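Working notes, structure below.
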Amino acid sequence: MAQKTDSASFGIRNLAIFGGVAAVFLLVDRLTKVWASGYSVGTDITASFLGIFHFRLLHNTGGAWSLFDDSTFALGVLSLVICLVLLVMFALRFKKCGKLETVGYAMVVAGGIGNAIDRFLMGYVVDFICADFIDFPIFNVADIGVTCGFVLLFIGLMFFDEDAEAARDARRLGRMAAAEAAVEAELAAERASEGKSGKSGKKGSGSSSQKPSASKAKSQQRSTKKGGR
């Protein structure tokens with residue numbers, strides 16, 4: 001019973017984490033793309049931030065590093081297939097996933113859906129984040145979600161065993177329940193012993209009160225016999 005309750009609580013927690021993280025990532029991705037789309041393609045939207053990155057609008061019809069150029073529809077379908085596979089995996093494991101694994105699922109799914117929306121509705125992906133310190137393709141918030149999500153998912157699956165943690169919690173809850181049952185049994189035994197001692201005390205007082213009355217009756221009988229003589 002404790003294990004079922006524990007599994008249900010894990011499931012509710014993970015569903016809440018997944019839904020919250022996915023919704024926030026998808027919303028931020030859509031809002032930033034709408035903002036960047038207000039500028040001309042190829043325009044530097046901002047200056048460099050500490051020499052790390054700046055914003056420049058790009059319409060990407062392929063993949064990273066110009067791979068699979070003009071294959072935006074096929075890449076959109078591939079994104080949805082990957083998201084579907086991950087959703088099935090999460091559905092099978094959500095009652096025992098760790099927090100890190102759950103966040104990873106949510107970020108990858110949200111990022112994949114965000115870029116798929118671009119590919120199907122506009123025929124290209126809106127990219128605008130340009131790294132300054134390395135030679136790296138221009139990317140967007142959805143790409144961050146996919147990349148970081150896969151990293152978190154890998155770490156969660158490889159190094160954080162939630163099943164073992166759940167088993168430890170179940171054993172701890174079992175020990176606590178056993179301790180509570182032992183305390184209740186001890187209290188019940190004490191109450192039972194107190195009840196028996198109370199009854200025996202009443203019986204003793206009753207018999208002692210009956211003995212004087214019997215002795216009084218005997219003395220009265222003796223005095224009556226003497227008077228008759």
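Letters A, B, ... mark the chains of the structure tokens in the order given; residue numbers begin at 1 per chain; ligand numbers begin at 1, in order shown.
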
I want to know what sits within 12 Å of Gly112 of chain A, based on only C-alpha atoms, with residues of the same chain fewer than 5 positions away left out; could you give that as a PDB file with N, CA, C and O atoms, in the first residue's frame?
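out32.pdb written:
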```
ATOM      1  N   ALA A  22       7.616  22.294 -19.871  1.00  0.00           N
ATOM      2  CA  ALA A  22       7.320  22.303 -21.310  1.00  0.00           C
ATOM      3  C   ALA A  22       6.545  23.556 -21.703  1.00  0.00           C
ATOM      4  O   ALA A  22       6.846  24.184 -22.732  1.00  0.00           O
ATOM      5  N   PHE A  25       8.924  26.693 -21.548  1.00  0.00           N
ATOM      6  CA  PHE A  25       9.909  26.704 -22.631  1.00  0.00           C
ATOM      7  C   PHE A  25       9.248  27.019 -23.976  1.00  0.00           C
ATOM      8  O   PHE A  25       9.780  27.801 -24.776  1.00  0.00           O
ATOM      9  N   LEU A  26       8.105  26.414 -24.215  1.00  0.00           N
ATOM     10  CA  LEU A  26       7.415  26.654 -25.482  1.00  0.00           C
ATOM     11  C   LEU A  26       6.940  28.106 -25.578  1.00  0.00           C
ATOM     12  O   LEU A  26       7.035  28.729 -26.645  1.00  0.00           O
ATOM     13  N   ASP A  29       9.959  30.357 -26.197  1.00  0.00           N
ATOM     14  CA  ASP A  29      10.413  30.171 -27.574  1.00  0.00           C
ATOM     15  C   ASP A  29       9.535  30.953 -28.553  1.00  0.00           C
ATOM     16  O   ASP A  29      10.044  31.661 -29.436  1.00  0.00           O
ATOM     17  N   LEU A  75      12.251  17.639 -41.917  1.00  0.00           N
ATOM     18  CA  LEU A  75      12.831  17.845 -40.582  1.00  0.00           C
ATOM     19  C   LEU A  75      11.728  18.105 -39.553  1.00  0.00           C
ATOM     20  O   LEU A  75      11.853  17.692 -38.395  1.00  0.00           O
ATOM     21  N   GLY A  76      10.657  18.770 -39.977  1.00  0.00           N
ATOM     22  CA  GLY A  76       9.524  18.979 -39.067  1.00  0.00           C
ATOM     23  C   GLY A  76       8.858  17.671 -38.688  1.00  0.00           C
ATOM     24  O   GLY A  76       8.514  17.443 -37.517  1.00  0.00           O
ATOM     25  N   VAL A  77       8.679  16.782 -39.677  1.00  0.00           N
ATOM     26  CA  VAL A  77       8.100  15.464 -39.400  1.00  0.00           C
ATOM     27  C   VAL A  77       9.013  14.673 -38.470  1.00  0.00           C
ATOM     28  O   VAL A  77       8.552  14.020 -37.518  1.00  0.00           O
ATOM     29  N   LEU A  78      10.323  14.736 -38.739  1.00  0.00           N
ATOM     30  CA  LEU A  78      11.280  14.026 -37.882  1.00  0.00           C
ATOM     31  C   LEU A  78      11.218  14.546 -36.447  1.00  0.00           C
ATOM     32  O   LEU A  78      11.273  13.756 -35.487  1.00  0.00           O
ATOM     33  N   SER A  79      11.077  15.855 -36.282  1.00  0.00           N
ATOM     34  CA  SER A  79      10.976  16.439 -34.935  1.00  0.00           C
ATOM     35  C   SER A  79       9.755  15.903 -34.202  1.00  0.00           C
ATOM     36  O   SER A  79       9.828  15.541 -33.017  1.00  0.00           O
ATOM     37  N   LEU A  80       8.628  15.833 -34.896  1.00  0.00           N
ATOM     38  CA  LEU A  80       7.405  15.339 -34.262  1.00  0.00           C
ATOM     39  C   LEU A  80       7.513  13.859 -33.911  1.00  0.00           C
ATOM     40  O   LEU A  80       7.011  13.425 -32.868  1.00  0.00           O
ATOM     41  N   VAL A  81       8.164  13.075 -34.772  1.00  0.00           N
ATOM     42  CA  VAL A  81       8.345  11.647 -34.478  1.00  0.00           C
ATOM     43  C   VAL A  81       9.196  11.462 -33.226  1.00  0.00           C
ATOM     44  O   VAL A  81       8.868  10.653 -32.341  1.00  0.00           O
ATOM     45  N   ILE A  82      10.279  12.226 -33.135  1.00  0.00           N
ATOM     46  CA  ILE A  82      11.140  12.145 -31.944  1.00  0.00           C
ATOM     47  C   ILE A  82      10.367  12.560 -30.700  1.00  0.00           C
ATOM     48  O   ILE A  82      10.469  11.916 -29.642  1.00  0.00           O
ATOM     49  N   CYS A  83       9.587  13.637 -30.816  1.00  0.00           N
ATOM     50  CA  CYS A  83       8.778  14.087 -29.669  1.00  0.00           C
ATOM     51  C   CYS A  83       7.777  13.020 -29.254  1.00  0.00           C
ATOM     52  O   CYS A  83       7.562  12.789 -28.051  1.00  0.00           O
ATOM     53  N   LEU A  84       7.164  12.349 -30.240  1.00  0.00           N
ATOM     54  CA  LEU A  84       6.201  11.295 -29.929  1.00  0.00           C
ATOM     55  C   LEU A  84       6.864  10.131 -29.215  1.00  0.00           C
ATOM     56  O   LEU A  84       6.329   9.589 -28.235  1.00  0.00           O
ATOM     57  N   VAL A  85       8.039   9.741 -29.677  1.00  0.00           N
ATOM     58  CA  VAL A  85       8.776   8.643 -29.028  1.00  0.00           C
ATOM     59  C   VAL A  85       9.104   9.006 -27.584  1.00  0.00           C
ATOM     60  O   VAL A  85       8.945   8.180 -26.660  1.00  0.00           O
ATOM     61  N   LEU A  86       9.557  10.237 -27.369  1.00  0.00           N
ATOM     62  CA  LEU A  86       9.905  10.665 -26.013  1.00  0.00           C
ATOM     63  C   LEU A  86       8.665  10.742 -25.124  1.00  0.00           C
ATOM     64  O   LEU A  86       8.729  10.425 -23.930  1.00  0.00           O
ATOM     65  N   LEU A  87       7.546  11.161 -25.697  1.00  0.00           N
ATOM     66  CA  LEU A  87       6.305  11.199 -24.919  1.00  0.00           C
ATOM     67  C   LEU A  87       5.876   9.800 -24.499  1.00  0.00           C
ATOM     68  O   LEU A  87       5.401   9.596 -23.374  1.00  0.00           O
ATOM     69  N   TYR A 105      12.987  15.389 -20.476  1.00  0.00           N
ATOM     70  CA  TYR A 105      11.897  15.056 -21.392  1.00  0.00           C
ATOM     71  C   TYR A 105      11.135  16.315 -21.804  1.00  0.00           C
ATOM     72  O   TYR A 105      10.840  16.531 -22.992  1.00  0.00           O
ATOM     73  N   ALA A 106      10.787  17.145 -20.837  1.00  0.00           N
ATOM     74  CA  ALA A 106       9.975  18.330 -21.108  1.00  0.00           C
ATOM     75  C   ALA A 106      10.692  19.311 -22.029  1.00  0.00           C
ATOM     76  O   ALA A 106      10.085  19.871 -22.960  1.00  0.00           O
ATOM     77  N   MET A 107      11.987  19.536 -21.798  1.00  0.00           N
ATOM     78  CA  MET A 107      12.737  20.496 -22.607  1.00  0.00           C
ATOM     79  C   MET A 107      12.885  20.027 -24.052  1.00  0.00           C
ATOM     80  O   MET A 107      12.729  20.815 -24.996  1.00  0.00           O
ATOM     81  N   ILE A 117       6.594  23.773 -35.275  1.00  0.00           N
ATOM     82  CA  ILE A 117       5.574  24.787 -35.575  1.00  0.00           C
ATOM     83  C   ILE A 117       6.103  25.752 -36.638  1.00  0.00           C
ATOM     84  O   ILE A 117       5.398  26.094 -37.606  1.00  0.00           O
ATOM     85  N   ASP A 118       7.352  26.209 -36.481  1.00  0.00           N
ATOM     86  CA  ASP A 118       7.961  27.097 -37.479  1.00  0.00           C
ATOM     87  C   ASP A 118       8.009  26.443 -38.849  1.00  0.00           C
ATOM     88  O   ASP A 118       7.660  27.053 -39.875  1.00  0.00           O
ATOM     89  N   ARG A 119       8.452  25.199 -38.890  1.00  0.00           N
ATOM     90  CA  ARG A 119       8.653  24.522 -40.182  1.00  0.00           C
ATOM     91  C   ARG A 119       7.332  24.316 -40.915  1.00  0.00           C
ATOM     92  O   ARG A 119       7.253  24.492 -42.146  1.00  0.00           O
ATOM     93  N   VAL A 125      12.751  27.909 -39.904  1.00  0.00           N
ATOM     94  CA  VAL A 125      12.871  28.101 -38.458  1.00  0.00           C
ATOM     95  C   VAL A 125      13.483  29.471 -38.198  1.00  0.00           C
ATOM     96  O   VAL A 125      14.441  29.864 -38.867  1.00  0.00           O
ATOM     97  N   ASN A 140      18.194  29.139 -31.563  1.00  0.00           N
ATOM     98  CA  ASN A 140      17.073  29.788 -30.879  1.00  0.00           C
ATOM     99  C   ASN A 140      16.810  29.104 -29.538  1.00  0.00           C
ATOM    100  O   ASN A 140      17.546  28.184 -29.150  1.00  0.00           O
ATOM    101  N   VAL A 141      15.766  29.539 -28.852  1.00  0.00           N
ATOM    102  CA  VAL A 141      15.452  28.988 -27.530  1.00  0.00           C
ATOM    103  C   VAL A 141      15.062  27.516 -27.626  1.00  0.00           C
ATOM    104  O   VAL A 141      15.412  26.706 -26.757  1.00  0.00           O
ATOM    105  N   ALA A 142      14.347  27.141 -28.686  1.00  0.00           N
ATOM    106  CA  ALA A 142      13.969  25.740 -28.858  1.00  0.00           C
ATOM    107  C   ALA A 142      15.190  24.843 -28.994  1.00  0.00           C
ATOM    108  O   ALA A 142      15.223  23.731 -28.451  1.00  0.00           O
ATOM    109  N   ASP A 143      16.203  25.330 -29.721  1.00  0.00           N
ATOM    110  CA  ASP A 143      17.445  24.549 -29.859  1.00  0.00           C
ATOM    111  C   ASP A 143      18.129  24.360 -28.510  1.00  0.00           C
ATOM    112  O   ASP A 143      18.694  23.296 -28.231  1.00  0.00           O
ATOM    113  N   ILE A 144      18.092  25.407 -27.673  1.00  0.00           N
ATOM    114  CA  ILE A 144      18.651  25.286 -26.318  1.00  0.00           C
ATOM    115  C   ILE A 144      17.914  24.203 -25.540  1.00  0.00           C
ATOM    116  O   ILE A 144      18.528  23.375 -24.843  1.00  0.00           O
ATOM    117  N   GLY A 145      16.580  24.192 -25.669  1.00  0.00           N
ATOM    118  CA  GLY A 145      15.794  23.186 -24.970  1.00  0.00           C
ATOM    119  C   GLY A 145      16.129  21.776 -25.419  1.00  0.00           C
ATOM    120  O   GLY A 145      16.285  20.869 -24.584  1.00  0.00           O
ATOM    121  N   VAL A 146      16.260  21.571 -26.741  1.00  0.00           N
ATOM    122  CA  VAL A 146      16.565  20.237 -27.257  1.00  0.00           C
ATOM    123  C   VAL A 146      17.948  19.770 -26.789  1.00  0.00           C
ATOM    124  O   VAL A 146      18.110  18.651 -26.292  1.00  0.00           O
ATOM    125  N   THR A 147      18.948  20.657 -26.947  1.00  0.00           N
ATOM    126  CA  THR A 147      20.323  20.270 -26.593  1.00  0.00           C
ATOM    127  C   THR A 147      20.473  20.021 -25.092  1.00  0.00           C
ATOM    128  O   THR A 147      20.946  18.960 -24.663  1.00  0.00           O
ATOM    129  N   GLY A 149      18.119  19.586 -22.939  1.00  0.00           N
ATOM    130  CA  GLY A 149      17.202  18.533 -22.514  1.00  0.00           C
ATOM    131  C   GLY A 149      17.777  17.146 -22.699  1.00  0.00           C
ATOM    132  O   GLY A 149      17.653  16.292 -21.820  1.00  0.00           O
ATOM    133  N   PHE A 150      18.427  16.918 -23.829  1.00  0.00           N
ATOM    134  CA  PHE A 150      19.042  15.607 -24.056  1.00  0.00           C
ATOM    135  C   PHE A 150      20.176  15.353 -23.049  1.00  0.00           C
ATOM    136  O   PHE A 150      20.360  14.221 -22.587  1.00  0.00           O
TER     137      PHE A 150
END
```

For Ile17 of chain A, please output as an mmCIF file with C-alpha atoms, in the first residue's frame all residues within 9 Å (counting only C-alpha atoms; exclusion window: fewer than 3 positions along the same chain).
```
data_model
loop_
_atom_site.group_PDB
_atom_site.id
_atom_site.type_symbol
_atom_site.label_atom_id
_atom_site.label_comp_id
_atom_site.auth_asym_id
_atom_site.auth_seq_id
_atom_site.Cartn_x
_atom_site.Cartn_y
_atom_site.Cartn_z
ATOM 1 C CA ILE A 12 1.686 13.475 -9.921
ATOM 2 C CA ARG A 13 4.897 15.354 -9.168
ATOM 3 C CA ASN A 14 6.492 14.411 -12.481
ATOM 4 C CA GLY A 20 5.190 23.336 -16.265
ATOM 5 C CA VAL A 21 8.659 23.145 -17.836
ATOM 6 C CA ALA A 22 7.320 22.303 -21.310
ATOM 7 C CA LYS A 99 13.272 15.201 -11.506
ATOM 8 C CA THR A 102 11.514 14.641 -16.231
ATOM 9 C CA VAL A 103 12.903 18.106 -16.951
ATOM 10 C CA ALA A 106 9.975 18.330 -21.108
#
```

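The closest residue to Phe53 of chain A, picked from A:Tyr39, A:Phe133, A:Phe18, A:Phe139 and counting only C-alpha atoms, is A:Phe133.
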
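Between Gly42 of chain A and the candidates A:Ala110, A:Val28, A:Cys130, A:Ala91, the tightest atom-to-atom separation, counting only C-alpha atoms, involves A:Cys130.
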
With a distance cut-off of 12 Å and only C-alpha atoms, select the neighbouring residues of Trp35 of chain A, excluding the residue or stretch itself and same-chain residues fewer than 3 positions from it, and output the selection as a count of residues only. 16

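The interatomic distance for the pair atom CA of Leu92 of chain A and atom CA of Ala74 of chain A works out to 27.4 Å.
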
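Here the DSSP assignment of helix (DSSP H, G or I), based on backbone atoms, applies within segment 47-91 of chain A to A:Ala64, A:Trp65, A:Ser66, A:Thr72, A:Phe73, A:Ala74, A:Leu75, A:Gly76, A:Val77, A:Leu78, A:Ser79, A:Leu80, A:Val81, A:Ile82, A:Cys83, A:Leu84, A:Val85, A:Leu86, A:Leu87, A:Val88, A:Met89, A:Phe90, A:Ala91.
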
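When atom CA of Leu100 of chain A is paired with atom CA of Ala8 of chain A, their separation reads 18.1 Å.
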
From atom CA of Val108 of chain A to atom CA of Leu15 of chain A the spacing works out at 15.2 Å

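Considering only C-alpha atoms, the residue among A:Ile155, A:Ile138, A:Ala188, A:Tyr124 positioned nearest to Phe73 of chain A is A:Tyr124.
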